[in-house]
Every structure is written in C-alpha cells, then in structure tokens.
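Some notes on the structure that comes next.
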Amino acid sequence: MPRIPQQFIEELLSRADIVELIDKRVPLKKQGREFAACCPFHNEKSPSFFVSPVKQFYHCFGCGAHGTAISFLMEYDHMEFPEAVRELADMVGMDVPVEQGENTEKASTLAPLYEVLDKAARYYQEQLKKTPAAIDYLKSRGLTGEIAREFGLGSVPAGWDNVLKAVGTDAAMQKALLGAGMLIEKEGEHPFHDRFRERVMFPIKDTRGRIIGFGGRVMGKGEPKYLNSPETALFHKGRELYGLYEARQALRDIPRLLVVEGYMDVVALAQYGVRYAVATLGTSTTEEHLKKLFRVAPEVVFCFDGDRAGRAAAWRAMENALPEAQDGRQIRFLFLPDGEDPDSLVRKEGKEAFEQRIVRDALPLSRYLLDSLAEQTDMKSMDGRARLVELTRPHLSRLPAGVFRDMLRNELAHLAQVDPGKLTMLNPAPGAREAGTPKASGRPQLNSPVRKAIGYVLYRPALAALAGDPKALGGDAGLEMLRELLEFAQGHPHINGAAILEHWRDTEVGTHLDRLAQAEIVAPEEALESEFRALMADLTGRRPQEQRRDELIAESRKRTLNAAEKTELTQLLATQGGNRPTDSAKSS
C-alpha cells in the first residue's frame, strides 16, 4: 500500500493524547507524574501498567507491554499499523496523506489482482447454490448456510475453463487471473487452464478483509486433498492465516487463538461457537505467523493430531515459536485422540467439552519441550540427565531474555538434579541483560551519563537544543545512539518522545530507546535543564560554564540575544576568555 509519510506520523503523535486514548478503554488513575491501571494485556490484581503524559508512552512492568498511542491501538484493538494510524488520525481530525511514487505504482498494479479474486469468489458462491453435491457435502460436515455465507464458501464444477470464461473476459482480465494464481499457463491451442476444478472453495482474506487467494478441498477421494493458491504478489503462505479476519470480526476481545491444520476445522469450530480458530496454509507455523498471532491474542494453542505426523508438525511449530515466547505470552500444545481432528471432535462432543479439553489437556511450551527431550534420554542416570541439558541448550538459547527463560532454566536444573547456578552458561551473551539492567518486571535505571542523557531527551526532547553540536561528543561508538538521538531531536524541535520512538520502530536503536523510555525521571522538572547541561558538559569533557558559553555563541549566530543573555555571555567571556560575541550579540 502507499507509504504514510514519517513527518505526518510525527505530527499525529504530537497532537494525540495517549492518556485520553487509553482512558476511554482502560480507566486510569493519576499516580505522581504518570497514570496507572491494571494492565489490559494480562491478568493482575494490582496496577503495574503506567502511562506517561509527558513521554506519550505506556509500559507494563508486569508483562512488558509498551509503546506509543499507535502501538496501543495495534495491540488493544488488534489493528495493523496503517489501520492504527488512520484510527488515531480520525480521533484528532487529521487526514492521512500518502507518499506518491513506487509504492503508489505498486498498489495500482495490485488492484486488478484484488478485482479478479473478488469476481472469482462471487462466481464460486453462485456455483455453490447450483451444485447439490457441494451443498450435500457441506451439510454432511455439519455446516449451515449461514456459516458458509459468513466465510464466503463456494464451489467450482469440473472443467478446465470455468473461471476463465466467467472472469477472464479479455486479455487484461486473463493477465490478472494469471498474476493472482487462478490460472495455469500451458502450451497448445488453449494457453490457460483453471487451477481449481471440482472442489469446495475457501476464500483466504488478509487483515483488511480483502481476498488474496483460495484454498480448494476435494469433496470425495482425490489428491491433493487441499490445494492452495500459489505464491503471488498478494499471497504468501508463510505470512497469512486462514480465519484470522473472521475471528477478529466475530470477537471484540480475543484472549486465545487456536491454530489448527485445515480450513474445514476452522469453519466447523466456528459453526459450533469456537470463534478463535485459525489455520496455516499448507505450511509449518512460521515466526511471521507467530508475530501476527500475538498481535491479536496473548495465548496461542497449537492443535494437532496425536499421530506421528501431528507430533512432527507440533515440534516444528515449537521450534519456530521459541523466539516469540516473551514474558506475558503463553504458548501451549494440544494433541487430539487418535483418529480425531477438530472438525470431527467438536461435532462429537460439542463446544463446552472441546474447550474444557483445551484448558485441561493443552501442554505449556515449557513442559512440552522438556518432556519431549527427556523421552530421548535415560533420566535415571547421570549421563542421561547431562544429555538432557545438552539437548535443551540450543532451544533455551533461542528464547528471549526474561523471566520465562530464567524459570525454564530453573526447571531444567530441577530435572537434571543440578544447582540452577551451574546452568547460567545456558543464557547466551547476545540475549543476556546488560549489567545493571533489571528484568522486564522492573524499571530500567539511568545509571550512566549516556543513559541518563538519552532518558532525559526521550522525556523532554526540547532539551536536545541545549546540547550544542552532537559531534562534540567525539567518536566513541558507545555515544553513537545519543548522537543520533540529539541530531534527530534538534532537527525536529516540536517532536515528542512517542514520535521519536515511532521513528525508530522495529530497529535495533528503537529497541534500546523503548527500554530507556520506561525509566523513571526522578529529577524535579525545574532542575532538568541544569542537570542536562551538566551531563552534556561531562560527556563532552567541558565545564558547564564552557558549555553554556558555546550555546549562547551558537544562538547569537542565529538570532539577536535578549538583554539577559547578552549580559550572561559577556560575563562568561570575561571570566573564561575565548571567542568574542558576534555582532548580533553586541548590537542592541
């Protein structure tokens, strides 16, 4: 889609009030300089969720959720980034512009693909009404006409050119059908053939409800049982999830998502009132799938058949889930009885019993991982327990640093019958917390001049104007982030902390800034300027008086100083020597 200009996002965040936005959804209470509430992203009895009106930033010290007004809409209202920007813009009365150029051209080339997919979906739906065999098949699976309409189910008869004749009425439409994966190109008199024939058709939608591809299921015997659209400019199997759009439409709040293996499982579960099921599209669950799932719900349950293939699929899902197992998230694995799938089981035992099965039988990631690895060793022997530690090492190293990883390491120590302190080497250096930095459950400390300077600028970006030339900080690589921050803030004199964080969203610098933005500013408001000047003087190796002298000289080159500033500069020059004031400083 066309790109939203960064300058607009900065202006939007300068106008929006994060306290007002969140308070409409989660009642806030004033607590010192900030506002507090029980976190909306995890269950808790005492407030650990804080919102800063100065930084325009929120953070939960229980589960680690944090971000700007845009981030809150993405997490709480389950929106994608562009949707959140549009929603926030509507709240403050701004129109969202888009940058013209390559992205706009790309969007115009994709428009015909969306159009032909929508036309194909309508054709399939009309065919379903005329195909008794397809209707009988869906009825035999316990589906009603209402649920079929909600998911847009259809059918396609036998034949090689049904969609080609119905939608590909000219060369442009045929080209779009080919680009959307609906046709197969062949040599001979008829260069195009329909990809889907004699199947029940399931339209696959993106998060905005646009059709991006199809899945087709045979109604009787035949291979493959499921046939998906190929990879296209719109459709990427490793990113999309069938049923996610429908789940978000059906439920305002989604505490859990159930990942199943087939389209029919998703629709059958929805038929019986389990509205939070989604399916991967003929591929293993990827890290991109997990990121998308956790933007919607804090808990993900993988549901697999209990046979060898199902357990192999579960293991692959577990391996891909490890990097996303952050504190505050829950990942579990449910294995069904032999010969059952979600579709058959929910029809047999109903919604209540099926959901009780999820609560009762789904294994937490930690237990599934350790139990599976323990089965590969002799836990009664010392060698076997040492083997368990070695088997666990690569998996533990893929977990993000935090409470969950520490607890899993302790559980491993218990199983292996060793002192937990002996297993600290299983925390890899890249993921280890910086010395002096507390876990996610506590505020980070501004315990060095660089960290304190960054924290102050994030709290009040206008302080950057007092820093002088950021290049005066020298070439120390440890100061690079502060230099970048100062240069950016000086170039955007009216920006706030939230807009700074959005500027560096999804970058390594942004990760560090997010963390430091959570720190509490203990200095009184009236002392911030003097403290910041002293910090910068310390970091540049100059005394505060020299720092102030250079600030005033730099200002005098931009504008006429007022009387008090002229007097101050004259006194500083008299006591320190150095550069004389410019004509603008001397003139009245």
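Order determines the names: the first chain of the structure tokens is A, the second B, and so forth; residues in each chain are numbered 1 upward, and ligands are numbered 1 upward as they are shown.
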Skipping near chain neighbours, those fewer than 5 positions away, what residues fall within 12 Å of Val522 (chain A) using only C-alpha atoms, listed as a PyMOL selection string? chain A and resi 32-33+445-446+452+455-456+459+527-528+531
Take the residues from that selection and write them out as an mmCIF file, in the first residue's frame, keeping all heavy atoms.
```cif
data_model
loop_
_atom_site.group_PDB
_atom_site.id
_atom_site.type_symbol
_atom_site.label_atom_id
_atom_site.label_comp_id
_atom_site.auth_asym_id
_atom_site.auth_seq_id
_atom_site.Cartn_x
_atom_site.Cartn_y
_atom_site.Cartn_z
ATOM 1 N N GLY A 32 1.422 10.273 40.776
ATOM 2 C CA GLY A 32 2.614 11.071 40.551
ATOM 3 C C GLY A 32 2.553 11.769 39.206
ATOM 4 O O GLY A 32 1.550 12.400 38.853
ATOM 5 N N ARG A 33 3.636 11.660 38.452
ATOM 6 C CA ARG A 33 3.684 12.284 37.131
ATOM 7 C C ARG A 33 2.952 11.454 36.080
ATOM 8 O O ARG A 33 2.769 11.908 34.957
ATOM 9 C CB ARG A 33 5.136 12.454 36.676
ATOM 10 C CG ARG A 33 5.949 13.444 37.489
ATOM 11 C CD ARG A 33 7.373 13.470 36.964
ATOM 12 N NE ARG A 33 8.201 14.426 37.686
ATOM 13 C CZ ARG A 33 9.504 14.580 37.481
ATOM 14 N NH1 ARG A 33 10.122 13.835 36.586
ATOM 15 N NH2 ARG A 33 10.193 15.475 38.167
ATOM 16 N N GLN A 445 17.303 1.424 34.899
ATOM 17 C CA GLN A 445 17.920 2.505 35.646
ATOM 18 C C GLN A 445 18.770 3.364 34.713
ATOM 19 O O GLN A 445 19.505 2.845 33.870
ATOM 20 C CB GLN A 445 18.813 1.939 36.766
ATOM 21 C CG GLN A 445 18.070 1.027 37.735
ATOM 22 C CD GLN A 445 16.976 1.755 38.469
ATOM 23 O OE1 GLN A 445 17.218 2.807 39.074
ATOM 24 N NE2 GLN A 445 15.769 1.208 38.430
ATOM 25 N N LEU A 446 18.671 4.679 34.889
ATOM 26 C CA LEU A 446 19.528 5.595 34.134
ATOM 27 C C LEU A 446 20.814 5.757 34.932
ATOM 28 O O LEU A 446 21.074 6.795 35.556
ATOM 29 C CB LEU A 446 18.801 6.930 33.938
ATOM 30 C CG LEU A 446 17.457 6.847 33.208
ATOM 31 C CD1 LEU A 446 16.826 8.225 33.082
ATOM 32 C CD2 LEU A 446 17.626 6.207 31.834
ATOM 33 N N LYS A 452 21.386 8.380 31.091
ATOM 34 C CA LYS A 452 20.592 9.458 31.688
ATOM 35 C C LYS A 452 20.291 10.541 30.653
ATOM 36 O O LYS A 452 19.155 11.046 30.584
ATOM 37 C CB LYS A 452 21.347 10.051 32.874
ATOM 38 C CG LYS A 452 20.529 11.076 33.655
ATOM 39 C CD LYS A 452 21.250 11.512 34.929
ATOM 40 C CE LYS A 452 21.193 10.434 35.992
ATOM 41 N NZ LYS A 452 21.694 10.936 37.300
ATOM 42 N N GLY A 455 17.592 9.215 28.379
ATOM 43 C CA GLY A 455 16.314 9.207 29.097
ATOM 44 C C GLY A 455 15.715 10.595 29.207
ATOM 45 O O GLY A 455 14.506 10.781 29.037
ATOM 46 N N TYR A 456 16.549 11.604 29.470
ATOM 47 C CA TYR A 456 16.053 12.977 29.590
ATOM 48 C C TYR A 456 15.511 13.490 28.258
ATOM 49 O O TYR A 456 14.485 14.167 28.211
ATOM 50 C CB TYR A 456 17.181 13.896 30.082
ATOM 51 C CG TYR A 456 17.428 13.841 31.576
ATOM 52 C CD1 TYR A 456 16.969 12.775 32.346
ATOM 53 C CD2 TYR A 456 18.119 14.844 32.230
ATOM 54 C CE1 TYR A 456 17.192 12.707 33.711
ATOM 55 C CE2 TYR A 456 18.351 14.800 33.605
ATOM 56 C CZ TYR A 456 17.886 13.730 34.334
ATOM 57 O OH TYR A 456 18.105 13.666 35.683
ATOM 58 N N TYR A 459 12.223 12.008 27.515
ATOM 59 C CA TYR A 459 11.209 12.608 28.389
ATOM 60 C C TYR A 459 10.843 14.006 27.900
ATOM 61 O O TYR A 459 9.668 14.376 27.831
ATOM 62 C CB TYR A 459 11.739 12.665 29.819
ATOM 63 C CG TYR A 459 10.778 13.252 30.817
ATOM 64 C CD1 TYR A 459 9.692 12.508 31.287
ATOM 65 C CD2 TYR A 459 10.952 14.540 31.304
ATOM 66 C CE1 TYR A 459 8.804 13.040 32.210
ATOM 67 C CE2 TYR A 459 10.082 15.089 32.228
ATOM 68 C CZ TYR A 459 9.001 14.325 32.671
ATOM 69 O OH TYR A 459 8.124 14.864 33.584
ATOM 70 N N ALA A 527 14.697 21.290 37.552
ATOM 71 C CA ALA A 527 16.139 21.013 37.557
ATOM 72 C C ALA A 527 16.609 20.287 36.294
ATOM 73 O O ALA A 527 17.806 20.047 36.137
ATOM 74 C CB ALA A 527 16.504 20.181 38.789
ATOM 75 N N LEU A 528 15.684 19.933 35.402
ATOM 76 C CA LEU A 528 16.055 19.118 34.242
ATOM 77 C C LEU A 528 17.071 19.822 33.346
ATOM 78 O O LEU A 528 18.036 19.209 32.881
ATOM 79 C CB LEU A 528 14.812 18.752 33.429
ATOM 80 C CG LEU A 528 13.947 17.627 33.989
ATOM 81 C CD1 LEU A 528 12.703 17.444 33.137
ATOM 82 C CD2 LEU A 528 14.737 16.324 34.022
ATOM 83 N N GLU A 531 20.530 19.930 34.977
ATOM 84 C CA GLU A 531 21.109 18.592 35.030
ATOM 85 C C GLU A 531 21.558 18.138 33.647
ATOM 86 O O GLU A 531 22.617 17.521 33.502
ATOM 87 C CB GLU A 531 20.096 17.593 35.612
ATOM 88 C CG GLU A 531 20.002 17.628 37.117
ATOM 89 C CD GLU A 531 19.593 16.278 37.695
ATOM 90 O OE1 GLU A 531 19.746 15.255 36.987
ATOM 91 O OE2 GLU A 531 19.144 16.257 38.844
#
```
Among region 44-210 of chain A, which ones does DSSP assign to alpha helix (DSSP H) (computed from the backbone)? Answer as number ranges by chain. A: 69-76, 81-92, 102-129, 132-140, 145-150, 162-166, 171-179
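Pairwise distance (CA of Lys291 (chain A), CA of Met74 (chain A)) equals 12.2 Å.
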What's the 10 Å shell around Arg210 (chain A), counting only C-alpha atoms, without same-chain residues fewer than 6 positions away, as a ChimeraX atom specification? /A:114-115,117-118,203-204,234,245
With a distance cut-off of 7 Å and only C-alpha atoms, select the neighbouring residues of Ser52 (chain A), excluding the residue or stretch itself and same-chain residues fewer than 6 positions from it, and output the selection as a PyMOL selection string. chain A and resi 34-35+58
Would you list, as a PyMOL selection string, the residues of region 89-271 of chain A that end up in strand (DSSP E or B) under DSSP run on this structure's backbone? chain A and resi 99+154-156+183-185+192-194+199-205+211-218+226-228+242+256-260
From A:Phe57, A:Tyr272, A:Tyr123, A:Phe192, residue lying nearest Leu345 (chain A) [only C-alpha atoms]: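 Using only C-alpha atoms, Leu345 (chain A) sits closest to A:Tyr272.
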Neighbouring residues of Phe532 (chain A) were defined as those with any atom within 10 Å, considering only C-alpha atoms; residues of the same chain fewer than 5 positions away were excluded. Please report them as number ranges by chain. A: 449, 452-454, 456-457, 463-464, 466-467, 527, 537-538, 544
Can you measure CA of Met219 (chain A) to CA of Val200 (chain A) for me? One decimal in Å is fine. 6.8 Å
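Taking only C-alpha atoms, the non-local environment of Leu143 (chain A) within 9 Å (same-chain residues fewer than 6 positions away omitted) comprises Val267, Ala268 and Gln271 of chain A.
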Save out the residues we just selected, C-alpha atoms, as a short mmCIF file (atom, residue, chain, number, x, y, z; two decimals), in the first residue's frame.
```cif
data_model
loop_
_atom_site.label_atom_id
_atom_site.label_comp_id
_atom_site.auth_asym_id
_atom_site.auth_seq_id
_atom_site.Cartn_x
_atom_site.Cartn_y
_atom_site.Cartn_z
CA VAL A 267 -15.21 -23.33 9.76
CA ALA A 268 -16.57 -26.31 11.72
CA GLN A 271 -20.14 -23.36 13.42
#
```
Who sits within 12 Å of region 185-190 of chain A, only C-alpha atoms, same chain under 2 positions skipped, as a short mmCIF file (atom, residue, chain, number, x, y, z; two decimals) with N, CA and C atoms, in the first residue's frame:
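File written: selection-v3.cif
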```cif
data_model
loop_
_atom_site.label_atom_id
_atom_site.label_comp_id
_atom_site.auth_asym_id
_atom_site.auth_seq_id
_atom_site.Cartn_x
_atom_site.Cartn_y
_atom_site.Cartn_z
N TRP A 160 -12.00 -27.31 -17.33
CA TRP A 160 -10.70 -26.64 -17.31
C TRP A 160 -10.78 -25.12 -17.51
N ASP A 161 -12.01 -24.58 -17.82
CA ASP A 161 -12.07 -23.16 -18.15
C ASP A 161 -13.28 -22.44 -17.54
N LEU A 164 -12.05 -19.08 -16.18
CA LEU A 164 -11.53 -18.38 -17.35
C LEU A 164 -12.68 -17.75 -18.14
N GLN A 174 -7.43 -11.87 -18.12
CA GLN A 174 -6.68 -13.13 -18.13
C GLN A 174 -5.29 -12.92 -17.51
N LYS A 175 -4.68 -11.79 -17.82
CA LYS A 175 -3.36 -11.49 -17.24
C LYS A 175 -3.47 -11.35 -15.72
N LEU A 177 -5.81 -12.73 -13.78
CA LEU A 177 -6.07 -14.05 -13.23
C LEU A 177 -4.79 -14.87 -13.11
N LEU A 178 -3.94 -14.76 -14.11
CA LEU A 178 -2.67 -15.47 -14.09
C LEU A 178 -1.79 -14.93 -12.95
N GLY A 179 -1.74 -13.60 -12.80
CA GLY A 179 -0.94 -13.00 -11.75
C GLY A 179 -1.45 -13.32 -10.36
N GLY A 181 -2.74 -16.16 -9.55
CA GLY A 181 -2.58 -17.59 -9.30
C GLY A 181 -3.80 -18.43 -9.62
N MET A 182 -4.77 -17.86 -10.34
CA MET A 182 -6.01 -18.58 -10.62
C MET A 182 -5.93 -19.41 -11.90
N LEU A 183 -4.91 -19.16 -12.71
CA LEU A 183 -4.74 -19.90 -13.97
C LEU A 183 -3.38 -20.56 -14.02
N PHE A 192 -4.29 -21.14 -21.33
CA PHE A 192 -4.62 -21.01 -19.91
C PHE A 192 -5.64 -22.06 -19.48
N HIS A 193 -5.40 -22.65 -18.31
CA HIS A 193 -6.35 -23.59 -17.71
C HIS A 193 -6.63 -23.14 -16.28
N ASP A 194 -7.86 -23.38 -15.79
CA ASP A 194 -8.18 -23.07 -14.39
C ASP A 194 -7.31 -23.90 -13.45
N ARG A 195 -6.85 -23.27 -12.37
CA ARG A 195 -6.08 -24.01 -11.38
C ARG A 195 -6.98 -24.90 -10.52
#
```
